[in-house]
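**Q** This is the structure I have questions about; it appears just below.
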Amino acid sequence: MSVARVDAMTLAKFLDWEASRELKYEFDGFAPVVMAGVSWEHSTIPANIMGILYDRLRGKPCRPHGSEVKVEVTGRIRYPDALVVCRPVARGTNVITDPVVLFEILSDESGHRDRVTENEEYRRTPSVQRHVMLEQDEPAATVFARDGDRWIGTPLKGDAVLSMPEIGAEFPLIEFPLIEFPLIECYEELTVPADGPPAA
């Protein structure tokens, strides 16, 4: 029995092909991968991050962008949930090649790809200094950051502070509310787990 050979798509062919598609696709180095819809939580957390980053980075050289922006990493195309670029971007640019900080919201469907495949792609991309993977169901994150030649992962939870010295910004994952103030930061509008906030 003969088996038909399927040639891998090139990055250039993918970009030409995707330009005429209504749906959003990533490129895994071989073929297009359609992007699935996301949950309300998955949509809310990046929106909160974008608001925080716009506030923290106003007047600074680094700028945040949302999930509509493509990034090229190790010959692949990804759509992170949010990202930060620290150089002027020319008008008409549709692929970012030098992101500095990348944010992903973990889900059952994409968790393995985010934690393993894409994390390795980001590690191999010299411009990337930090990869932040946030949980949907609780205020928690795993943050990988560059330290010389090392790529070091650190877990964060609750009101831990996400520090990003490479872009001159930091913020807590969550700030537990005082009496008259609403929940703010990354998990604004989302339910706090039963074990937080801490007792006064």
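Labeling convention for the structure tokens: chains A, B, ... as they appear, residues from 1 per chain, ligands from 1 in order of appearance.
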Using only C-alpha atoms, what table do you get, as JSON lines, when you list each residue of segment 17-51 of chain A with an atom no more than 9 Å from segment 120-137 of chain A, its nearest pair of atoms, and their distance in Å rounded to one decimal, rows by chain then rising number?

**A**
{"residue": "A:Glu41", "atom": "CA", "partner": "A:Gln136", "partner_atom": "CA", "distance": 6.1}
{"residue": "A:His42", "atom": "CA", "partner": "A:Gln136", "partner_atom": "CA", "distance": 6.3}
{"residue": "A:Ile45", "atom": "CA", "partner": "A:Gln136", "partner_atom": "CA", "distance": 7.8}

**Q** Pull N, CA and C atoms from the residues just selected and write them as a PDB file, in the first residue's frame.

**A**
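Result went into selection.pdb, see below:
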ATOM      1  N   GLU A  41     -14.070  33.640  31.060  1.00  0.00           N
ATOM      2  CA  GLU A  41     -12.909  33.885  31.920  1.00  0.00           C
ATOM      3  C   GLU A  41     -11.657  34.118  31.083  1.00  0.00           C
ATOM      4  N   HIS A  42     -11.504  33.294  30.051  1.00  0.00           N
ATOM      5  CA  HIS A  42     -10.323  33.400  29.179  1.00  0.00           C
ATOM      6  C   HIS A  42     -10.296  34.746  28.465  1.00  0.00           C
ATOM      7  N   ILE A  45      -9.678  37.894  31.528  1.00  0.00           N
ATOM      8  CA  ILE A  45      -8.354  38.085  32.122  1.00  0.00           C
ATOM      9  C   ILE A  45      -7.421  38.880  31.196  1.00  0.00           C
TER      10      ILE A  45
END

**Q** Here is a test: counting only C-alpha atoms, which residue of A:Ala31, A:Val84, A:Val143, A:Val101 is nearest to Trp17 of chain A?

**A**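 For Trp17 of chain A, the nearest of the candidates is A:Ala31.
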
**Q** If you count only C-alpha atoms, which residues fall within 12 Å of Arg58 of chain A, apart from same-chain ones fewer than 6 positions away, as a list in words?

**A**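 Selected residues are Met50, Gly51, Ile52, Pro64, Ile167, Gly168 and Ala169 of chain A.
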
**Q** Selected residues, N, CA and C atoms, written as a PDB file, in the first residue's frame, please.

**A**
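Final output, saved to again35.pdb:
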ATOM      1  N   MET A  50      -4.597  43.965  29.704  1.00  0.00           N
ATOM      2  CA  MET A  50      -4.370  45.070  28.777  1.00  0.00           C
ATOM      3  C   MET A  50      -4.616  46.414  29.460  1.00  0.00           C
ATOM      4  N   GLY A  51      -5.692  46.503  30.246  1.00  0.00           N
ATOM      5  CA  GLY A  51      -5.974  47.748  30.944  1.00  0.00           C
ATOM      6  C   GLY A  51      -4.869  48.113  31.922  1.00  0.00           C
ATOM      7  N   ILE A  52      -4.400  47.123  32.669  1.00  0.00           N
ATOM      8  CA  ILE A  52      -3.324  47.353  33.637  1.00  0.00           C
ATOM      9  C   ILE A  52      -2.055  47.809  32.909  1.00  0.00           C
ATOM     10  N   PRO A  64       1.680  47.517  25.147  1.00  0.00           N
ATOM     11  CA  PRO A  64       0.969  46.242  25.131  1.00  0.00           C
ATOM     12  C   PRO A  64       0.137  46.084  23.865  1.00  0.00           C
ATOM     13  N   ILE A 167      10.264  45.529  31.435  1.00  0.00           N
ATOM     14  CA  ILE A 167       9.399  46.575  30.864  1.00  0.00           C
ATOM     15  C   ILE A 167       9.091  47.664  31.893  1.00  0.00           C
ATOM     16  N   GLY A 168       9.693  47.577  33.071  1.00  0.00           N
ATOM     17  CA  GLY A 168       9.500  48.600  34.097  1.00  0.00           C
ATOM     18  C   GLY A 168       8.104  48.628  34.662  1.00  0.00           C
ATOM     19  N   ALA A 169       7.509  47.429  34.907  1.00  0.00           N
ATOM     20  CA  ALA A 169       6.141  47.371  35.432  1.00  0.00           C
ATOM     21  C   ALA A 169       5.992  46.187  36.375  1.00  0.00           C
TER      22      ALA A 169
END

**Q** Excluding Tyr25 of chain A and its own-chain neighbours fewer than 6 positions away, which residues fall within 8 Å of it when counting only C-alpha atoms? Please give them as number ranges by chain.

**A** A: 18, 32-35

**Q** Would you mind exporting N, CA and C atoms of the selected residues as a short mmCIF file (atom, residue, chain, number, x, y, z; two decimals), in the first residue's frame?

**A**
data_model
loop_
_atom_site.label_atom_id
_atom_site.label_comp_id
_atom_site.auth_asym_id
_atom_site.auth_seq_id
_atom_site.Cartn_x
_atom_site.Cartn_y
_atom_site.Cartn_z
N GLU A 18 -3.24 32.41 5.09
CA GLU A 18 -4.06 32.88 6.21
C GLU A 18 -4.70 34.24 5.91
N PRO A 32 -1.37 24.77 9.21
CA PRO A 32 -2.23 25.68 9.97
C PRO A 32 -2.95 24.94 11.10
N VAL A 33 -3.19 25.65 12.20
CA VAL A 33 -3.94 25.12 13.33
C VAL A 33 -5.01 26.15 13.67
N VAL A 34 -6.29 25.79 13.51
CA VAL A 34 -7.36 26.75 13.74
C VAL A 34 -7.45 27.09 15.23
N MET A 35 -7.72 28.35 15.54
CA MET A 35 -7.86 28.81 16.91
C MET A 35 -9.30 28.61 17.36
#

**Q** Can you pull out every residue within 10 Å of Thr93 of chain A, counting only C-alpha atoms, but drop anything in the same chain fewer than 3 positions away, and send it as a list in words?

**A** Val69, Lys70, Val89, Ala90 and Ile96 of chain A

**Q** Go ahead and save the picked residues with N, CA and C atoms, as a PDB file, in the first residue's frame.

**A**
ATOM      1  N   VAL A  69      -2.775  40.177  17.476  1.00  0.00           N
ATOM      2  CA  VAL A  69      -1.447  40.393  16.891  1.00  0.00           C
ATOM      3  C   VAL A  69      -0.689  39.069  16.784  1.00  0.00           C
ATOM      4  N   LYS A  70      -0.195  38.771  15.599  1.00  0.00           N
ATOM      5  CA  LYS A  70       0.619  37.576  15.390  1.00  0.00           C
ATOM      6  C   LYS A  70       2.036  37.804  15.911  1.00  0.00           C
ATOM      7  N   VAL A  89       6.738  50.132  16.228  1.00  0.00           N
ATOM      8  CA  VAL A  89       6.264  49.179  15.227  1.00  0.00           C
ATOM      9  C   VAL A  89       5.765  49.963  14.023  1.00  0.00           C
ATOM     10  N   ALA A  90       6.290  49.627  12.848  1.00  0.00           N
ATOM     11  CA  ALA A  90       5.932  50.351  11.628  1.00  0.00           C
ATOM     12  C   ALA A  90       4.469  50.138  11.263  1.00  0.00           C
ATOM     13  N   ILE A  96       4.788  40.397  14.546  1.00  0.00           N
ATOM     14  CA  ILE A  96       5.800  40.881  15.484  1.00  0.00           C
ATOM     15  C   ILE A  96       6.863  39.790  15.642  1.00  0.00           C
TER      16      ILE A  96
END

**Q** DSSP on the backbone: which residues in segment 7-121 of chain A end up as alpha helix (DSSP H)? Give the answer as a ChimeraX atom specification.

**A** /A:11-18,40-57,111-112,119-121

**Q** With DSSP run on the backbone, what are the strand (DSSP E or B) residues within segment 58-161 of chain A? I'd like them as a short mmCIF file (atom, residue, chain, number, x, y, z; two decimals) with C-alpha atoms, in the first residue's frame.

**A**
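Output file out.cif follows:
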data_model
loop_
_atom_site.label_atom_id
_atom_site.label_comp_id
_atom_site.auth_asym_id
_atom_site.auth_seq_id
_atom_site.Cartn_x
_atom_site.Cartn_y
_atom_site.Cartn_z
CA ARG A 63 3.53 49.02 24.55
CA PRO A 64 0.97 46.24 25.13
CA HIS A 65 -0.96 44.51 22.37
CA GLY A 66 -3.86 42.07 22.41
CA LYS A 70 0.62 37.58 15.39
CA VAL A 71 4.08 36.81 16.73
CA GLU A 72 6.72 34.80 14.86
CA VAL A 73 8.78 32.53 17.12
CA ARG A 76 6.05 29.47 13.86
CA ILE A 77 3.11 31.86 14.17
CA ARG A 78 1.37 32.26 17.53
CA ALA A 82 -1.43 39.60 25.32
CA LEU A 83 2.11 40.74 24.63
CA VAL A 84 4.47 43.66 25.12
CA VAL A 85 6.78 45.12 22.45
CA VAL A 95 3.77 40.01 12.37
CA ILE A 96 5.80 40.88 15.48
CA VAL A 101 6.75 39.69 27.44
CA LEU A 102 4.04 37.19 26.46
CA PHE A 103 0.86 36.27 28.33
CA GLU A 104 -1.16 33.08 27.91
CA ILE A 105 -4.39 32.10 29.70
CA ARG A 130 9.20 36.61 30.26
CA HIS A 131 6.36 34.15 29.57
CA VAL A 132 3.40 34.49 31.93
CA MET A 133 0.87 31.62 32.03
CA LEU A 134 -2.24 32.47 34.06
CA ALA A 140 -2.38 31.83 40.02
CA ALA A 141 0.34 31.88 37.39
CA THR A 142 3.52 30.18 36.29
CA VAL A 143 6.10 32.70 35.12
CA PHE A 144 9.19 31.79 33.10
CA ALA A 145 11.89 34.45 32.91
CA ARG A 146 15.31 34.69 31.34
CA ASP A 147 18.31 34.82 33.69
CA ARG A 150 18.77 30.02 32.13
CA TRP A 151 14.98 29.94 31.66
CA ILE A 152 13.54 29.81 35.16
CA GLY A 153 9.94 29.02 36.11
CA THR A 154 8.33 30.49 39.23
CA PRO A 155 4.78 29.84 40.53
CA LEU A 156 2.70 32.79 41.77
CA LYS A 157 -0.59 32.64 43.64
CA VAL A 161 3.21 40.43 42.69
#

**Q** Quote the spacing between atom CA of Thr10 of chain A and atom CA of Thr74 of chain A in Å to one decimal place.

**A**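 So the answer is 12.5 Å.
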
**Q** Find, counting only C-alpha atoms, the residue in A:Ala36, A:Ala12, A:Leu23, A:Leu53 that gets nearest to Glu170 of chain A.

**A** A:Leu53

**Q** So which one's closest to Pro172 of chain A, A:Asp114, A:Lys24, A:Gly158, A:Leu11? Using only C-alpha atoms, please.

**A**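 Closest candidate: A:Gly158.
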
**Q** Using only C-alpha atoms, which of A:Asp108, A:Asn48, A:Cys86, A:Leu162 sits nearest Lys60 of chain A?

**A** A:Cys86

**Q** Report, in Å to a single decimal, how far apart atom CA of Asn94 of chain A and atom CA of Cys62 of chain A are.

**A** 17.6 Å

**Q** Looking at A:Asp159, A:Glu109, A:Asp28, A:Asp55, which one is nearest to Tyr79 of chain A, with distances taken over only C-alpha atoms?

**A**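 Ranking A:Asp159, A:Glu109, A:Asp28, A:Asp55 by distance to Tyr79 of chain A, first place goes to A:Asp28.
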